[in-house]
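J.: My structure is in input.cif, and what it holds is mmCIF, C-alpha atoms:
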data_start
loop_
_atom_site.group_PDB
_atom_site.id
_atom_site.type_symbol
_atom_site.label_atom_id
_atom_site.label_comp_id
_atom_site.auth_asym_id
_atom_site.auth_seq_id
_atom_site.Cartn_x
_atom_site.Cartn_y
_atom_site.Cartn_z
ATOM 1 C CA GLN A 300 -7.135 16.569 8.565
ATOM 2 C CA GLU A 301 -4.851 13.937 7.121
ATOM 3 C CA ARG A 302 -6.680 10.746 6.285
ATOM 4 C CA LEU A 303 -6.228 7.598 4.205
ATOM 5 C CA VAL A 304 -9.187 5.454 3.169
ATOM 6 C CA GLU A 305 -8.724 2.049 1.564
ATOM 7 C CA SER A 306 -11.297 0.268 -0.569
ATOM 8 C CA GLY A 307 -11.539 -2.673 -2.931
ATOM 9 C CA GLY A 308 -10.989 -5.594 -0.605
ATOM 10 C CA GLY A 309 -13.163 -8.684 -0.651
ATOM 11 C CA LEU A 310 -13.367 -12.422 -1.124
ATOM 12 C CA VAL A 311 -11.764 -13.971 -4.205
ATOM 13 C CA GLN A 312 -10.790 -17.451 -5.318
ATOM 14 C CA ALA A 313 -7.179 -18.445 -5.661
ATOM 15 C CA GLY A 314 -5.825 -17.289 -8.984
ATOM 16 C CA GLY A 315 -8.157 -14.324 -9.072
ATOM 17 C CA SER A 316 -7.485 -10.600 -9.007
ATOM 18 C CA LEU A 317 -8.384 -7.570 -6.925
ATOM 19 C CA THR A 318 -7.486 -3.910 -7.099
ATOM 20 C CA LEU A 319 -7.172 -1.940 -3.890
ATOM 21 C CA SER A 320 -7.452 1.834 -3.836
ATOM 22 C CA CYS A 321 -6.330 4.307 -1.216
ATOM 23 C CA ALA A 322 -7.811 7.789 -1.305
ATOM 24 C CA ALA A 323 -5.602 10.251 0.524
ATOM 25 C CA SER A 324 -6.542 13.509 2.167
ATOM 26 C CA LEU A 325 -3.066 14.939 2.629
ATOM 27 C CA ARG A 326 -1.918 18.537 2.360
ATOM 28 C CA THR A 327 0.354 17.813 -0.615
ATOM 29 C CA PHE A 328 -0.014 14.224 -1.732
ATOM 30 C CA SER A 329 3.063 14.368 -3.946
ATOM 31 C CA ASN A 330 5.225 15.085 -0.885
ATOM 32 C CA TYR A 331 4.605 11.551 0.343
ATOM 33 C CA ALA A 332 6.034 8.183 -0.487
ATOM 34 C CA MET A 333 3.243 5.621 -0.270
ATOM 35 C CA GLY A 334 3.218 2.029 0.832
ATOM 36 C CA TRP A 335 0.958 -0.964 1.168
ATOM 37 C CA PHE A 336 1.320 -3.291 4.137
ATOM 38 C CA ARG A 337 -0.651 -6.320 5.239
ATOM 39 C CA GLN A 338 -1.296 -8.133 8.472
ATOM 40 C CA ALA A 339 -2.614 -11.665 8.811
ATOM 41 C CA PRO A 340 -4.062 -12.976 12.086
ATOM 42 C CA GLU A 341 -1.401 -13.488 14.758
ATOM 43 C CA LYS A 342 1.312 -12.183 12.434
ATOM 44 C CA GLU A 343 3.240 -8.940 12.323
ATOM 45 C CA ARG A 344 2.425 -6.223 9.835
ATOM 46 C CA GLU A 345 4.580 -6.713 6.750
ATOM 47 C CA PHE A 346 5.616 -4.570 3.818
ATOM 48 C CA VAL A 347 3.955 -5.439 0.505
ATOM 49 C CA ALA A 348 4.808 -2.658 -1.938
ATOM 50 C CA GLY A 349 5.962 0.948 -2.012
ATOM 51 C CA ILE A 350 6.086 3.791 -4.505
ATOM 52 C CA SER A 351 8.104 6.996 -4.616
ATOM 53 C CA TRP A 352 6.562 10.457 -4.706
ATOM 54 C CA THR A 353 6.713 10.682 -8.496
ATOM 55 C CA GLY A 354 5.687 7.089 -9.055
ATOM 56 C CA GLY A 355 8.915 6.481 -10.896
ATOM 57 C CA THR A 356 10.346 4.065 -8.355
ATOM 58 C CA THR A 357 8.594 1.037 -6.920
ATOM 59 C CA THR A 358 9.643 -1.829 -4.705
ATOM 60 C CA TYR A 359 7.950 -5.072 -3.714
ATOM 61 C CA ALA A 360 8.205 -7.829 -1.164
ATOM 62 C CA ASP A 361 9.633 -10.988 -2.705
ATOM 63 C CA SER A 362 6.392 -12.817 -1.925
ATOM 64 C CA VAL A 363 4.357 -10.584 -4.259
ATOM 65 C CA LYS A 364 6.913 -9.633 -6.901
ATOM 66 C CA GLY A 365 5.583 -10.331 -10.384
ATOM 67 C CA ARG A 366 1.982 -10.633 -9.140
ATOM 68 C CA PHE A 367 1.234 -7.228 -7.550
ATOM 69 C CA THR A 368 1.620 -3.762 -9.058
ATOM 70 C CA ILE A 369 1.568 -0.509 -7.128
ATOM 71 C CA SER A 370 0.756 2.771 -8.860
ATOM 72 C CA ARG A 371 -0.324 6.283 -7.965
ATOM 73 C CA ASP A 372 -2.239 9.148 -9.510
ATOM 74 C CA ASN A 373 -1.067 12.393 -7.927
ATOM 75 C CA ALA A 374 -3.839 14.335 -9.646
ATOM 76 C CA LYS A 375 -6.413 12.153 -7.885
ATOM 77 C CA ASN A 376 -4.518 11.775 -4.582
ATOM 78 C CA THR A 377 -4.886 8.025 -4.911
ATOM 79 C CA VAL A 378 -2.586 5.010 -4.742
ATOM 80 C CA TYR A 379 -3.530 1.601 -6.103
ATOM 81 C CA LEU A 380 -2.486 -1.991 -5.597
ATOM 82 C CA GLN A 381 -3.323 -4.338 -8.458
ATOM 83 C CA MET A 382 -3.180 -7.906 -7.178
ATOM 84 C CA ASN A 383 -3.124 -10.796 -9.645
ATOM 85 C CA SER A 384 -2.696 -14.563 -9.253
ATOM 86 C CA LEU A 385 -3.835 -14.317 -5.662
ATOM 87 C CA LYS A 386 -2.959 -17.117 -3.262
ATOM 88 C CA PRO A 387 -4.552 -18.153 0.035
ATOM 89 C CA GLU A 388 -1.429 -16.907 1.820
ATOM 90 C CA ASP A 389 -2.233 -13.383 0.567
ATOM 91 C CA THR A 390 -5.214 -13.348 2.939
ATOM 92 C CA ALA A 391 -4.793 -10.421 5.332
ATOM 93 C CA VAL A 392 -5.952 -6.944 6.198
ATOM 94 C CA TYR A 393 -4.250 -4.565 3.773
ATOM 95 C CA PHE A 394 -3.223 -1.098 4.932
ATOM 96 C CA CYS A 395 -2.246 1.971 2.989
ATOM 97 C CA ALA A 396 0.430 4.215 4.531
ATOM 98 C CA ALA A 397 2.019 7.579 3.788
ATOM 99 C CA GLU A 398 5.524 8.792 4.642
ATOM 100 C CA LEU A 399 6.170 12.530 4.528
ATOM 101 C CA LEU A 400 9.359 13.299 2.635
ATOM 102 C CA PHE A 401 11.540 16.215 3.713
ATOM 103 C CA HIS A 402 13.644 15.799 0.604
ATOM 104 C CA LEU A 403 12.015 14.777 -2.672
ATOM 105 C CA THR A 404 14.137 11.736 -3.401
ATOM 106 C CA PRO A 405 12.930 8.335 -4.719
ATOM 107 C CA HIS A 406 12.882 7.036 -1.172
ATOM 108 C CA ILE A 407 10.674 4.142 -0.086
ATOM 109 C CA SER A 408 10.676 2.825 3.460
ATOM 110 C CA LEU A 409 10.098 -0.850 4.164
ATOM 111 C CA VAL A 410 9.322 -0.587 7.873
ATOM 112 C CA PRO A 411 5.963 0.411 9.338
ATOM 113 C CA GLY A 412 7.535 2.798 11.842
ATOM 114 C CA ALA A 413 8.747 5.097 9.068
ATOM 115 C CA TYR A 414 5.227 5.954 7.934
ATOM 116 C CA ASP A 415 3.311 8.903 9.304
ATOM 117 C CA TYR A 416 -0.275 8.123 8.398
ATOM 118 C CA TRP A 417 -2.279 4.917 8.061
ATOM 119 C CA GLY A 418 -5.642 3.889 6.742
ATOM 120 C CA GLN A 419 -8.073 1.708 8.620
ATOM 121 C CA GLY A 420 -7.389 -1.330 6.436
ATOM 122 C CA THR A 421 -9.400 -3.455 4.031
ATOM 123 C CA GLN A 422 -9.841 -7.210 4.302
ATOM 124 C CA VAL A 423 -8.652 -9.447 1.470
ATOM 125 C CA THR A 424 -9.603 -13.113 1.693
ATOM 126 C CA VAL A 425 -8.396 -15.640 -0.874
ATOM 127 C CA SER A 426 -10.122 -19.003 -0.843
ATOM 128 C CA SER A 427 -8.436 -22.171 -2.044
#
Could you take the file, read its structure, and then write that structure out as structure tokens?

T.:
Amino acid sequence: QERLVESGGGLVQAGGSLTLSCAASLRTFSNYAMGWFRQAPEKEREFVAGISWTGGTTTYADSVKGRFTISRDNAKNTVYLQMNSLKPEDTAVYFCAAELLFHLTPHISLVPGAYDYWGQGTQVTVSS
């Protein structure tokens, strides 16, 4: 059964760092582009970062560019989000998502509706 499980969230002071992990139980992990999204209270879910099936292509929201790094280990069926220089406005529930690719291109979707599977989310709280 396909499943994504996030971990690594927590409480951190502004300027600090966290690394989120997403362990995927997917039939063929390398057939999926992976993304991280976040949702703050009373706000819509927004794209944070995405990575292609090989890991060779990444894309980021402007708000996190230069501070966050997405990576994947296809041998471990895991995707990571390294978050540095955290700000209070980064506070949100962070979700991992997987998009099944029918053609193995360096495709990364920015919209939640394009993704096929979601994790349950992990809370990240940044105090000022």

J.: Hey, can you check how far CA of Ala396 (chain A) sits from CA of Val425 (chain A)?

T.: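 Answer for the CA of Ala396 (chain A) to CA of Val425 (chain A) separation: 22.4 Å.
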
J.: Which residue, A:Ala322, A:Leu403, A:Val378, A:Leu385, has the smallest gap to Trp352 (chain A) when you use only C-alpha atoms?

T.: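 Distance minimum relative to Trp352 (chain A) lands on A:Leu403.
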
J.: Pick out the closest residue to Asn376 (chain A) from this set: A:Ser329, A:Gly314, A:Val423, A:Tyr416. Count all atoms listed in the file.

T.: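 The shortest atom-to-atom distance to Asn376 (chain A) comes from A:Ser329.
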
J.: For Ser426 (chain A), which residue out of A:Lys386, A:Lys364, A:Lys375, A:Arg326 is the nearest one, using only C-alpha atoms?

T.: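 The answer is A:Lys386, which sits nearest to Ser426 (chain A).
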
J.: Take CA of Glu388 (chain A) and CA of Ala413 (chain A) and report the distance between them in Å, one decimal.

T.: 25.3 Å

J.: Give me the box for region 316-326 of chain A as lines of an AutoDock Vina configuration file, namely the centre and edge lengths in Å to one decimal of a box along x, y and z that holds every listed atom plus 4 Å on each side.

T.:
center_x = -5.2
center_y = 4.0
center_z = -3.2
size_x = 14.5
size_y = 37.1
size_z = 19.6

J.: Using only C-alpha atoms, find the one residue out of A:Ser306, A:Asn330, A:Gln338, A:Ser370 that sits nearest to Thr357 (chain A).

T.: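 Closest to Thr357 (chain A), using only C-alpha atoms: A:Ser370.
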
J.: Env of Val347 (chain A): 12 Å cut, atoms = only C-alpha atoms, seq-sep filter 2 positions within chain, self excluded. Answer as a VMD selection string.

T.: chain A and resid 333 to 338 344 to 345 349 to 350 357 to 364 366 to 369 380 to 382 389 391 to 396 407 to 411

J.: With distances taken over all atoms listed in the file, which residue among A:Thr404, A:Asn383, A:Ser351, A:Asn373 lies nearest Thr318 (chain A)?

T.: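 Result for the nearest residue to Thr318 (chain A): A:Asn383.
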
J.: Between CA of Val311 (chain A) and CA of Gln422 (chain A), what distance in Å does the model show, to one decimal?

T.: 11.0 Å
